[in-house]
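Below is work.txt, which holds compact mmCIF, C-alpha atoms.
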```
# COMPACT_ATOMS: atom_id res chain seq x y z
CA PRO A 1 36.80 77.72 24.29
CA LEU A 2 37.68 75.86 21.11
CA LEU A 3 37.54 72.08 21.48
CA THR A 4 39.46 69.85 19.10
CA THR A 5 39.94 66.18 18.60
CA ALA A 6 43.37 64.87 17.71
CA THR A 7 42.69 62.74 14.74
CA HIS A 8 45.05 62.82 11.83
CA PHE A 9 48.64 64.17 12.01
CA ARG A 10 51.31 61.52 12.63
CA GLY A 11 54.42 63.71 12.56
CA GLY A 12 57.22 64.37 10.11
CA LEU A 13 60.71 65.64 9.32
CA LEU A 14 61.61 68.81 7.40
CA SER A 15 65.09 69.89 6.33
CA CYS A 16 66.38 72.52 3.89
CA TYR A 17 69.76 72.87 2.21
CA PRO A 18 71.40 75.18 -0.37
CA VAL A 19 71.31 74.22 -4.03
CA ILE A 20 74.84 74.15 -5.41
CA THR A 21 75.03 74.37 -9.22
CA SER A 22 77.41 75.68 -11.84
CA ASN A 23 75.33 78.91 -11.77
CA SER A 24 75.69 79.45 -8.04
CA SER A 25 78.39 80.02 -5.51
CA GLY A 26 77.82 78.27 -2.21
CA GLY A 27 74.02 78.37 -2.66
CA VAL A 28 73.82 82.02 -3.81
CA ASP A 29 72.86 82.43 -7.49
CA ARG A 30 74.13 85.08 -9.93
CA SER A 31 71.22 87.38 -9.00
CA GLY A 32 72.31 87.29 -5.36
CA ASN A 33 69.36 85.13 -4.25
CA ILE A 34 69.70 82.09 -2.02
CA GLN A 35 68.48 78.93 -3.73
CA ILE A 36 67.40 76.17 -1.35
CA GLU A 37 65.60 72.87 -1.54
CA CYS A 38 63.46 71.58 1.30
CA ALA A 39 62.83 67.88 1.80
CA PHE A 40 60.05 66.59 3.99
CA ARG A 41 58.65 63.28 5.15
CA ILE A 42 55.20 63.42 6.70
CA GLY A 43 52.64 61.01 8.13
CA TRP A 44 48.85 61.09 8.36
CA ARG A 45 45.99 58.85 9.44
CA LYS A 46 45.29 56.87 6.28
CA ASN A 47 41.51 57.15 6.30
CA PHE A 48 41.33 60.79 7.48
CA SER A 49 40.41 62.07 4.00
CA ASN A 50 40.79 61.07 0.38
CA GLY A 51 43.92 63.25 0.37
CA THR A 52 45.72 60.86 2.72
CA GLU A 53 44.82 57.66 0.90
CA CYS A 54 47.87 55.70 -0.23
CA ASN A 55 47.99 52.25 -1.77
CA SER A 56 50.39 50.05 -3.74
CA THR A 57 49.34 51.68 -7.02
CA SER A 58 50.07 55.23 -5.81
CA ILE A 59 53.51 54.08 -4.64
CA MET A 60 54.31 52.30 -7.94
CA THR A 61 53.06 55.15 -10.16
CA GLN A 62 54.53 57.88 -7.91
CA THR A 63 51.20 59.69 -7.89
CA LEU A 64 51.30 63.01 -6.08
CA VAL A 65 48.95 62.81 -3.06
CA LYS A 66 47.21 66.09 -2.25
CA GLY A 67 47.39 65.75 1.52
CA PRO A 68 44.55 66.00 4.02
CA SER A 69 41.59 68.27 3.72
CA THR A 70 38.83 69.05 6.17
CA SER A 71 35.12 69.58 5.71
CA SER A 72 35.80 73.31 5.31
CA SER A 73 38.09 72.51 2.34
CA ARG A 74 41.06 73.86 4.25
CA ARG A 75 44.28 72.07 3.38
CA PHE A 76 47.38 71.97 5.51
CA LYS A 77 50.06 74.37 4.26
CA LEU A 78 53.69 75.07 5.06
CA ARG A 79 53.95 78.80 5.76
CA CYS A 80 56.78 81.23 6.30
CA TYR A 81 56.98 82.86 9.75
CA GLU A 82 60.40 84.51 9.47
CA GLY A 83 62.71 85.34 6.56
CA CYS A 84 59.99 86.09 4.00
CA THR A 85 56.47 87.48 3.97
CA ARG A 86 54.87 86.32 7.23
CA GLY A 87 52.16 83.73 6.60
CA TYR A 88 53.18 83.33 2.96
CA ILE A 89 52.40 79.81 1.72
CA VAL A 90 55.73 78.21 0.85
CA ASP A 91 54.39 74.75 -0.05
CA ASP A 92 51.09 72.89 -0.12
CA LEU A 93 52.64 69.70 1.39
CA MET A 94 51.50 67.43 -1.42
CA PHE A 95 53.58 64.26 -1.23
CA TYR A 96 54.57 61.05 -2.96
CA CYS A 97 53.33 58.08 -0.99
CA THR A 98 56.19 55.90 0.26
CA ASP A 99 54.58 53.66 2.92
CA PHE A 100 51.20 52.78 4.34
CA ASN A 101 49.69 50.28 6.76
CA GLU A 102 46.04 49.25 6.49
CA ASP A 103 45.88 47.60 9.93
CA GLU A 104 47.49 50.50 11.80
CA ASN A 105 45.76 53.08 9.58
CA TRP A 106 48.71 55.28 8.63
CA THR A 107 50.14 56.81 5.47
CA GLN A 108 53.56 58.37 4.92
CA GLY A 109 55.13 60.22 2.07
CA SER A 110 57.87 62.59 1.06
CA ARG A 111 58.77 65.27 -1.45
CA VAL A 112 61.46 67.86 -2.21
CA PHE A 113 60.58 71.38 -3.33
CA PRO A 114 62.72 74.38 -4.36
CA TYR A 115 62.51 77.80 -2.75
CA THR A 116 64.26 81.12 -3.48
CA LEU A 117 65.10 83.70 -0.80
CA SER A 118 66.59 87.15 -0.84
CA ASN A 119 70.34 87.19 -0.17
CA SER A 120 69.64 89.48 2.81
CA THR A 121 67.69 86.70 4.56
CA ARG A 122 69.70 85.30 7.47
CA ARG A 123 67.09 83.21 9.26
CA LEU A 124 64.19 81.21 7.84
CA VAL A 125 61.33 79.75 9.89
CA LEU A 126 58.81 77.50 8.16
CA GLN A 127 55.90 75.86 9.98
CA MET A 128 52.60 74.13 9.53
CA ARG A 129 50.36 75.33 12.36
CA ASP A 130 47.03 73.61 12.64
CA CYS A 131 45.22 70.87 14.43
CA CYS A 132 45.34 67.85 15.31
CA TRP A 133 47.90 65.29 16.43
CA ILE A 134 46.87 61.67 16.86
CA SER A 135 45.25 60.85 20.19
CA LEU A 136 47.85 60.53 22.90
CA VAL A 137 47.72 58.54 26.11
CA SER A 138 48.87 61.66 27.94
CA GLY A 139 49.98 65.14 27.00
CA ASP A 140 48.66 67.88 24.72
CA ASN A 141 47.33 66.33 21.55
CA ARG A 142 45.66 69.30 19.94
CA SER A 143 47.72 71.91 18.19
CA ILE A 144 50.37 71.15 15.57
CA ARG A 145 53.47 73.30 15.16
CA TRP A 146 55.60 71.33 12.77
CA GLY A 147 58.49 72.93 10.95
CA MET A 148 62.07 74.12 11.13
CA ALA A 149 64.31 77.12 11.64
CA MET A 150 67.39 77.62 9.48
CA ASN A 151 70.39 79.95 9.78
CA LEU A 152 71.15 81.07 6.21
CA SER A 153 74.57 82.58 6.86
CA VAL A 154 77.49 81.51 4.71
CA ARG A 155 79.67 79.14 6.72
CA ALA A 156 83.35 80.10 7.09
CA ASP A 157 84.47 76.44 7.00
CA THR A 158 82.65 75.47 3.77
CA GLY A 159 82.01 78.79 1.99
CA ARG A 160 78.42 77.61 1.51
CA VAL A 161 75.06 78.67 2.90
CA ASN A 162 74.31 76.71 6.07
CA SER A 163 72.13 73.59 5.84
CA CYS A 164 69.67 72.10 8.31
CA PRO A 165 70.87 68.89 9.92
CA THR A 166 69.30 65.76 8.49
CA SER A 167 68.15 62.58 10.15
CA ALA A 168 67.40 59.08 8.96
CA GLN A 169 65.19 58.50 12.01
CA LEU A 170 62.80 55.60 11.70
CA PRO A 171 59.37 56.92 10.74
CA ILE A 172 57.55 55.00 13.48
CA LEU A 173 58.87 54.17 16.94
CA ARG A 174 56.93 51.85 19.24
CA LEU A 175 57.48 52.43 22.93
CA GLN A 176 55.93 50.73 25.95
CA HIS A 177 53.55 53.08 27.77
CA GLY A 178 54.46 53.66 31.41
CA CYS A 179 58.16 52.99 30.89
CA GLU A 180 60.90 55.60 30.75
CA HIS A 181 62.58 55.91 27.35
CA THR A 182 65.47 57.94 26.03
CA LEU A 183 65.48 58.52 22.28
CA SER A 184 68.65 59.45 20.45
CA ILE A 185 67.88 61.12 17.15
CA HIS A 186 71.02 60.77 15.08
CA THR A 187 71.66 63.75 12.82
CA GLU A 188 74.30 64.74 10.34
CA ASP A 189 75.20 67.99 8.69
CA ALA A 190 74.17 68.09 5.04
```
How would this structure read if it were set down as structure tokens?
Amino acid sequence: PLLTTATHFRGGLLSCYPVITSNSSGGVDRSGNIQIECAFRIGWRKNFSNGTECNSTSIMTQTLVKGPSTSSSRRFKLRCYEGCTRGYIVDDLMFYCTDFNEDENWTQGSRVFPYTLSNSTRRLVLQMRDCCWISLVSGDNRSIRWGMAMNLSVRADTGRVNSCPTSAQLPILRLQHGCEHTLSIHTEDA
């Protein structure tokens, strides 16, 4: 059996939406391809690797942070699992640092990246599959499957390619252990 230790991933949000320009109609460009942009916000343990180190200078200068790496030089990647070549690396998840906390040892950042799909694509599934979530009091804390699924059909009500819902959820929620909680994640259609 493979044993892992949950050490570094703090969670994130990922959402994609069609790019509407003067050269496109509802997110489909003149070549018939679907142009989308994907926005993500992601969190890591601050001292996991030099790729998760954020500070006031990196925030002020908007330095692109390379993201975590492991001793085997593997970096976490966002891959396609449906709608394009399976396993194809869509993005390297480099991010611009937006927040950090020295005492609680976390880093967060965000970035937007463009992506082009064939007009015949109707469903897109992007995921980062790896290891390891932060240590949990209870529950499975090993494998990470972070990503999104998107229906790329043109909507009858808007005439545009469908968008993922978005959320302005707080990046960190503190909940009392042992108490029952109900979380409402407010979303809106992009």
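Between atom CA of Ser22 of chain A and atom CA of Asp91 of chain A the separation is 25.9 Å.
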| message | Rounded to one decimal, what separation in Å do you get between atom CA of Thr107 of chain A and atom CA of Arg174 of chain A? | response |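 Distance reported for this atom pair: 16.1 Å.
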| query | What lies within 8 Å of Gly11 of chain A using all atoms listed in the file, ignoring chain neighbours under 6 positions off, as a list in words? | reply |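 So the residues in contact are Ile42, Gly43, Trp44, Trp133 and Trp146 of chain A.
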| field | Among listed residues A:Val28, A:Cys97, A:Leu13, A:Ile34, nearest Thr116 of chain A (using all atoms listed in the file) | value | A:Ile34
| note | Taken to one decimal, the atom CA of Pro68 of chain A-atom CA of Tyr81 of chain A distance is 21.7 Å
| Residue nearest Asn151 of chain A - candidates A:Asn33, A:Gln108, A:Asn23, A:Thr121, atoms counted: all atoms listed in the file |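 Checking each of A:Asn33, A:Gln108, A:Asn23, A:Thr121 against Asn151 of chain A, counting all atoms listed in the file, the winner is A:Thr121.
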| message | Would you pick out the contacts of Arg160 of chain A at 7 Å or less, using only C-alpha atoms, so that residues sharing its chain but fewer than 5 positions from it are not included, and give the list as a PyMOL selection string? | response | chain A and resi 26-27+154-155
| task | Rank A:Thr52, A:Ser167, A:Thr57, A:Ser153 by their smallest atom-to-atom distance to Ala39 of chain A, using all atoms listed in the file, and report the top residue only. | result | A:Ser167
| field | Residue with smallest distance to Pro165 of chain A - pool A:His186, A:Arg145, A:Arg122, A:His177, counting only C-alpha atoms | value |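 Using only C-alpha atoms, Pro165 of chain A sits closest to A:His186.
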| query | If I put a ball of radius 12 Å at (52.5, 55.9, -6.9) in the file's coordinates, which residues poke into it when counting all atoms listed in the file, written as a PyMOL selection string? | reply | chain A and resi 53-65+95-100+109-110
Output of segment 30-49 of chain A limited to N, CA and C atoms, as a short mmCIF file (atom, residue, chain, number, x, y, z; two decimals), in the first residue's frame:
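Contents of result_4.cif, as written:
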```cif
data_model
loop_
_atom_site.label_atom_id
_atom_site.label_comp_id
_atom_site.auth_asym_id
_atom_site.auth_seq_id
_atom_site.Cartn_x
_atom_site.Cartn_y
_atom_site.Cartn_z
N ARG A 30 -14.08 32.97 -35.10
CA ARG A 30 -14.32 32.85 -36.54
C ARG A 30 -13.86 31.50 -37.11
N SER A 31 -12.92 30.85 -36.43
CA SER A 31 -12.45 29.53 -36.87
C SER A 31 -13.36 28.41 -36.39
N GLY A 32 -14.36 28.75 -35.58
CA GLY A 32 -15.26 27.75 -35.05
C GLY A 32 -14.81 27.14 -33.74
N ASN A 33 -13.71 27.68 -33.16
CA ASN A 33 -13.22 27.18 -31.88
C ASN A 33 -13.88 27.92 -30.72
N ILE A 34 -13.97 27.25 -29.60
CA ILE A 34 -14.52 27.87 -28.39
C ILE A 34 -13.36 28.47 -27.61
N GLN A 35 -13.45 29.77 -27.36
CA GLN A 35 -12.43 30.48 -26.59
C GLN A 35 -12.95 30.67 -25.17
N ILE A 36 -12.21 30.12 -24.20
CA ILE A 36 -12.61 30.29 -22.80
C ILE A 36 -11.45 30.87 -21.99
N GLU A 37 -11.79 31.40 -20.85
CA GLU A 37 -10.80 31.77 -19.84
C GLU A 37 -11.18 31.04 -18.57
N CYS A 38 -10.18 30.58 -17.86
CA CYS A 38 -10.40 29.90 -16.59
C CYS A 38 -9.72 30.72 -15.49
N ALA A 39 -10.45 30.95 -14.44
CA ALA A 39 -9.94 31.70 -13.29
C ALA A 39 -9.86 30.74 -12.11
N PHE A 40 -8.74 30.80 -11.39
CA PHE A 40 -8.64 29.96 -10.20
C PHE A 40 -8.07 30.75 -9.04
N ARG A 41 -8.43 30.29 -7.86
CA ARG A 41 -7.89 30.77 -6.59
C ARG A 41 -7.50 29.51 -5.84
N ILE A 42 -6.26 29.46 -5.35
CA ILE A 42 -5.76 28.22 -4.77
C ILE A 42 -4.93 28.52 -3.52
N GLY A 43 -4.94 27.59 -2.58
CA GLY A 43 -4.20 27.78 -1.33
C GLY A 43 -3.26 26.62 -1.04
N TRP A 44 -2.13 26.95 -0.44
CA TRP A 44 -1.10 25.97 -0.11
C TRP A 44 -0.53 26.26 1.28
N ARG A 45 0.12 25.26 1.87
CA ARG A 45 0.89 25.51 3.08
C ARG A 45 2.07 26.38 2.69
N LYS A 46 2.26 27.47 3.38
CA LYS A 46 3.23 28.48 3.00
C LYS A 46 4.65 27.94 2.94
N ASN A 47 5.04 27.14 3.91
CA ASN A 47 6.43 26.68 3.94
C ASN A 47 6.61 25.28 3.35
N PHE A 48 5.67 24.84 2.51
CA PHE A 48 5.78 23.51 1.91
C PHE A 48 6.99 23.44 0.97
N SER A 49 7.16 24.44 0.12
CA SER A 49 8.31 24.48 -0.78
C SER A 49 8.55 25.94 -1.16
#
```
